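Below is one structure, written out as structure tokens; comments come after it.
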Amino acid sequence: MKKLKLGFAITGSFCTIERVLEEMGELCHEKYDITPILSPIVATTGSRFMELNDLYDRLSMITENTPITTIHTAEPIGPKKLFDAIVVAPCTGNTLSKLALGITDTSVTMAVKAGLRNEIPIVIAPSTNDALAATHKNIGLLMNMKNIYFVPFSQDAPEDKHRSMVADFSLIEKTLEKALEGVQIQPIIK
């Protein structure tokens with residue numbers, strides 16, 4: 001069976017990247033040929049959660065593909081129809097808002113724009129401290145867009161971070177499979 005071509009975008013929710021990489025590794029071993037797409041902050045910045053060199057080493061081991069890190073290298077995704085689907089995980093509130101408003105100023109937003117142009121599934125796994133505040137309306141806008149699918153998400157620390165929500169990254173694959181059938185996995189909010 002031919003592997004599906006998957007763009008896998010990672011944005012700057014640094015505390016969740018480790019979990020996302022674990023899920024990415026699970027996808028690679030099955031039926032997906034994954035190309036990483038890194039937001040500018042992820043492509044250039046290490047954190048207390050993971051050093052930058054470690055991230056690139058992990059991505060190389062998992063995918064064996066060179067990450068897309070600039071608008072210039074993301075632009076051909078549309079015309080060349082490089083992917084069958086795109087996952088954005090973790091997807092920050094900043095990126096969610098840009099996607100909802102059609103702002104294309106990073107490699108990730110360009111990749112999603114290209115995917116929407118080609119009418120392929122875009123799977124979004126939110127991770128944002130303001131999902132129930134400023135980003136809330138933008139999540140609602142995205143939920144009404146064709147070819148946008150959400151990995152189920154929930155409040156991650158309601159006692160301490162009252163408006164924060166994070167996707168259940170273990171459901172990326174299931175969400176992706178359903179999205180490829182044109183179906184949104186339910187429930188979206190757990």
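By convention in this document, the chains of the structure tokens carry letters A, B, ... by their order, each chain's residues are numbered from 1, and ligands are numbered from 1 in the order they are shown.
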Task: Exercise: region 39-47 of chain A partners within 6 Å, only C-alpha atoms, chain neighbours under 2 positions left out, as a list in words - done: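 My list of contacting residues is Thr11, Gly12, Phe49, Met50, Glu51, Leu52, Ser107 and Val108 of chain A.
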Write out, as a compact mmCIF listing (two decimals), in the first residue's frame, the residues just selected, with C-alpha atoms.
```
# COMPACT_ATOMS: atom_id res chain seq x y z
CA THR A 11 4.10 25.56 16.33
CA GLY A 12 5.47 27.08 19.53
CA PHE A 49 11.66 21.42 27.25
CA MET A 50 13.93 20.54 24.32
CA GLU A 51 17.15 21.86 22.84
CA LEU A 52 16.96 22.90 19.20
CA SER A 107 5.78 28.51 6.93
CA VAL A 108 2.89 26.90 8.83
```
Open item on the list: Need to verify the contact set: Ala114 (chain A), 10 Å, only C-alpha atoms, exclusion of same-chain residues closer than 3 positions in sequence. Can you return it as a list in words?
Closed with: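 Result of the neighbour search: Ala74, Glu75, Pro76, Ile77, Gly78, Pro79, Lys80, Lys81, Leu82, Phe83, Ile86, Val108, Thr109, Met110, Ala111, Arg117, Asn118, Glu119 and Ile120 of chain A.
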Store the residues picked out above, limited to N, CA and C atoms, as an mmCIF file, in the first residue's frame.
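Saved result, selection.cif, follows:
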```cif
data_model
loop_
_atom_site.group_PDB
_atom_site.id
_atom_site.type_symbol
_atom_site.label_atom_id
_atom_site.label_comp_id
_atom_site.auth_asym_id
_atom_site.auth_seq_id
_atom_site.Cartn_x
_atom_site.Cartn_y
_atom_site.Cartn_z
ATOM 1 N N ALA A 74 7.703 26.623 1.818
ATOM 2 C CA ALA A 74 6.324 26.133 1.968
ATOM 3 C C ALA A 74 5.460 26.467 0.754
ATOM 4 N N GLU A 75 5.827 27.497 0.016
ATOM 5 C CA GLU A 75 5.000 27.961 -1.102
ATOM 6 C C GLU A 75 4.705 26.877 -2.140
ATOM 7 N N PRO A 76 5.656 25.996 -2.514
ATOM 8 C CA PRO A 76 5.364 24.976 -3.538
ATOM 9 C C PRO A 76 4.349 23.908 -3.106
ATOM 10 N N ILE A 77 4.002 23.853 -1.827
ATOM 11 C CA ILE A 77 3.060 22.835 -1.350
ATOM 12 C C ILE A 77 1.766 22.862 -2.163
ATOM 13 N N GLY A 78 1.256 24.061 -2.443
ATOM 14 C CA GLY A 78 0.002 24.181 -3.198
ATOM 15 C C GLY A 78 0.125 23.765 -4.641
ATOM 16 N N PRO A 79 0.959 24.455 -5.426
ATOM 17 C CA PRO A 79 1.025 24.133 -6.843
ATOM 18 C C PRO A 79 1.520 22.719 -7.143
ATOM 19 N N LYS A 80 2.417 22.208 -6.302
ATOM 20 C CA LYS A 80 2.950 20.859 -6.544
ATOM 21 C C LYS A 80 2.115 19.762 -5.878
ATOM 22 N N LYS A 81 1.095 20.168 -5.132
ATOM 23 C CA LYS A 81 0.210 19.208 -4.436
ATOM 24 C C LYS A 81 1.038 18.166 -3.672
ATOM 25 N N LEU A 82 1.871 18.666 -2.757
ATOM 26 C CA LEU A 82 2.832 17.815 -2.058
ATOM 27 C C LEU A 82 2.222 16.896 -1.008
ATOM 28 N N PHE A 83 1.044 17.245 -0.471
ATOM 29 C CA PHE A 83 0.497 16.472 0.641
ATOM 30 C C PHE A 83 -0.943 16.021 0.392
ATOM 31 N N ILE A 86 -2.647 17.731 6.025
ATOM 32 C CA ILE A 86 -1.712 18.467 6.873
ATOM 33 C C ILE A 86 -2.235 18.426 8.304
ATOM 34 N N VAL A 108 4.069 27.692 8.466
ATOM 35 C CA VAL A 108 2.894 26.904 8.833
ATOM 36 C C VAL A 108 1.626 27.477 8.219
ATOM 37 N N THR A 109 1.437 28.778 8.319
ATOM 38 C CA THR A 109 0.218 29.370 7.743
ATOM 39 C C THR A 109 0.229 29.259 6.220
ATOM 40 N N MET A 110 1.394 29.345 5.602
ATOM 41 C CA MET A 110 1.486 29.145 4.149
ATOM 42 C C MET A 110 1.132 27.710 3.778
ATOM 43 N N ALA A 111 1.618 26.757 4.552
ATOM 44 C CA ALA A 111 1.317 25.350 4.281
ATOM 45 C C ALA A 111 -0.185 25.088 4.384
ATOM 46 N N ARG A 117 -6.191 25.416 -0.399
ATOM 47 C CA ARG A 117 -6.281 25.627 -1.849
ATOM 48 C C ARG A 117 -6.527 24.304 -2.561
ATOM 49 N N ASN A 118 -5.840 23.268 -2.104
ATOM 50 C CA ASN A 118 -5.945 21.949 -2.729
ATOM 51 C C ASN A 118 -7.088 21.107 -2.167
ATOM 52 N N GLU A 119 -7.839 21.676 -1.222
ATOM 53 C CA GLU A 119 -8.993 21.015 -0.615
ATOM 54 C C GLU A 119 -8.641 19.675 0.019
ATOM 55 N N ILE A 120 -7.512 19.669 0.745
ATOM 56 C CA ILE A 120 -7.125 18.488 1.511
ATOM 57 C C ILE A 120 -7.474 18.722 2.978
#
```
Task: DSSP-assigned strand (DSSP E or B) among region 49-140 of chain A, expressed as a PyMOL selection string - done: chain A and resi 68+85-91+122-128
Would you mind exporting the chosen residues as a PDB file, in the first residue's frame, restricted to N, CA and C atoms?
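Contents of selection-v7.pdb, as written:
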```
ATOM      1  N   ILE A  68      10.389  21.806   6.498  1.00  0.00           N
ATOM      2  CA  ILE A  68      10.061  23.057   5.816  1.00  0.00           C
ATOM      3  C   ILE A  68      10.045  24.125   6.898  1.00  0.00           C
ATOM      4  N   ALA A  85      -2.726  15.441   3.231  1.00  0.00           N
ATOM      5  CA  ALA A  85      -3.327  16.063   4.419  1.00  0.00           C
ATOM      6  C   ALA A  85      -2.223  16.809   5.160  1.00  0.00           C
ATOM      7  N   ILE A  86      -2.647  17.731   6.025  1.00  0.00           N
ATOM      8  CA  ILE A  86      -1.712  18.467   6.873  1.00  0.00           C
ATOM      9  C   ILE A  86      -2.235  18.426   8.304  1.00  0.00           C
ATOM     10  N   VAL A  87      -1.342  18.135   9.234  1.00  0.00           N
ATOM     11  CA  VAL A  87      -1.640  18.183  10.666  1.00  0.00           C
ATOM     12  C   VAL A  87      -0.893  19.379  11.242  1.00  0.00           C
ATOM     13  N   VAL A  88      -1.558  20.143  12.100  1.00  0.00           N
ATOM     14  CA  VAL A  88      -0.896  21.223  12.839  1.00  0.00           C
ATOM     15  C   VAL A  88      -1.005  20.861  14.316  1.00  0.00           C
ATOM     16  N   ALA A  89       0.136  20.404  14.887  1.00  0.00           N
ATOM     17  CA  ALA A  89       0.138  19.946  16.273  1.00  0.00           C
ATOM     18  C   ALA A  89       1.519  20.146  16.881  1.00  0.00           C
ATOM     19  N   PRO A  90       1.620  20.841  17.970  1.00  0.00           N
ATOM     20  CA  PRO A  90       0.575  21.626  18.606  1.00  0.00           C
ATOM     21  C   PRO A  90       0.283  22.883  17.784  1.00  0.00           C
ATOM     22  N   CYS A  91      -0.934  23.364  17.892  1.00  0.00           N
ATOM     23  CA  CYS A  91      -1.330  24.595  17.202  1.00  0.00           C
ATOM     24  C   CYS A  91      -1.626  25.656  18.253  1.00  0.00           C
ATOM     25  N   ILE A 122      -7.158  19.484   6.793  1.00  0.00           N
ATOM     26  CA  ILE A 122      -6.244  20.166   7.701  1.00  0.00           C
ATOM     27  C   ILE A 122      -6.686  19.778   9.106  1.00  0.00           C
ATOM     28  N   VAL A 123      -5.841  19.064   9.822  1.00  0.00           N
ATOM     29  CA  VAL A 123      -6.149  18.577  11.167  1.00  0.00           C
ATOM     30  C   VAL A 123      -5.427  19.457  12.176  1.00  0.00           C
ATOM     31  N   ILE A 124      -6.187  20.071  13.069  1.00  0.00           N
ATOM     32  CA  ILE A 124      -5.632  21.024  14.030  1.00  0.00           C
ATOM     33  C   ILE A 124      -5.740  20.461  15.443  1.00  0.00           C
ATOM     34  N   ALA A 125      -4.613  20.467  16.153  1.00  0.00           N
ATOM     35  CA  ALA A 125      -4.550  20.019  17.540  1.00  0.00           C
ATOM     36  C   ALA A 125      -4.178  21.213  18.414  1.00  0.00           C
ATOM     37  N   PRO A 126      -5.179  21.917  18.954  1.00  0.00           N
ATOM     38  CA  PRO A 126      -4.905  23.150  19.703  1.00  0.00           C
ATOM     39  C   PRO A 126      -4.099  22.916  20.980  1.00  0.00           C
ATOM     40  N   SER A 127      -3.309  23.919  21.311  1.00  0.00           N
ATOM     41  CA  SER A 127      -2.626  23.985  22.591  1.00  0.00           C
ATOM     42  C   SER A 127      -2.418  25.457  22.884  1.00  0.00           C
ATOM     43  N   THR A 128      -3.341  26.019  23.668  1.00  0.00           N
ATOM     44  CA  THR A 128      -3.297  27.458  23.895  1.00  0.00           C
ATOM     45  C   THR A 128      -3.860  27.825  25.259  1.00  0.00           C
TER      46      THR A 128
END
```
Task: Pick from A:Val112, A:Val166, A:Leu55, A:Leu38 nearest to Thr69 (chain A), counting only C-alpha atoms - done: A:Leu38
Task: Residue among A:Ile17, A:Glu23, A:Asp84, A:Phe150 lying closest to Ser170 (chain A), counting only C-alpha atoms - done: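 Closest to Ser170 (chain A), using only C-alpha atoms: A:Glu23.
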Open item on the list: DSSP on the backbone, alpha helix (DSSP H) only: what residues of chain A does that give? Format it as a ChimeraX atom specification.
Closed with: /A:17-28,40-44,52-63,71-74,93-101,107-117,136-143,172-180
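Of the listed residues A:Glu173, A:Gln184, A:Glu159, A:Leu116, the one whose atoms come nearest to Glu30 (chain A) is A:Glu173, with distances taken using only C-alpha atoms.
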Open item on the list: So, with only C-alpha atoms as the atoms that count, which of A:Thr70, A:Thr135, A:Thr35, A:Asn94 lies closest to Thr106 (chain A)?
Closed with: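 Ranking A:Thr70, A:Thr135, A:Thr35, A:Asn94 by distance to Thr106 (chain A), first place goes to A:Thr70.
Candidate residues A:Asp105, A:Lys137, A:Val183, A:Glu64 were compared for distance to Tyr149 (chain A), and the nearest is A:Val183, using only C-alpha atoms.
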Task: Shortest interatomic distance to Asn138 (chain A) - which of A:Thr73, A:Ser164, A:Asn65, A:Thr95, counting only C-alpha atoms - done: A:Thr95
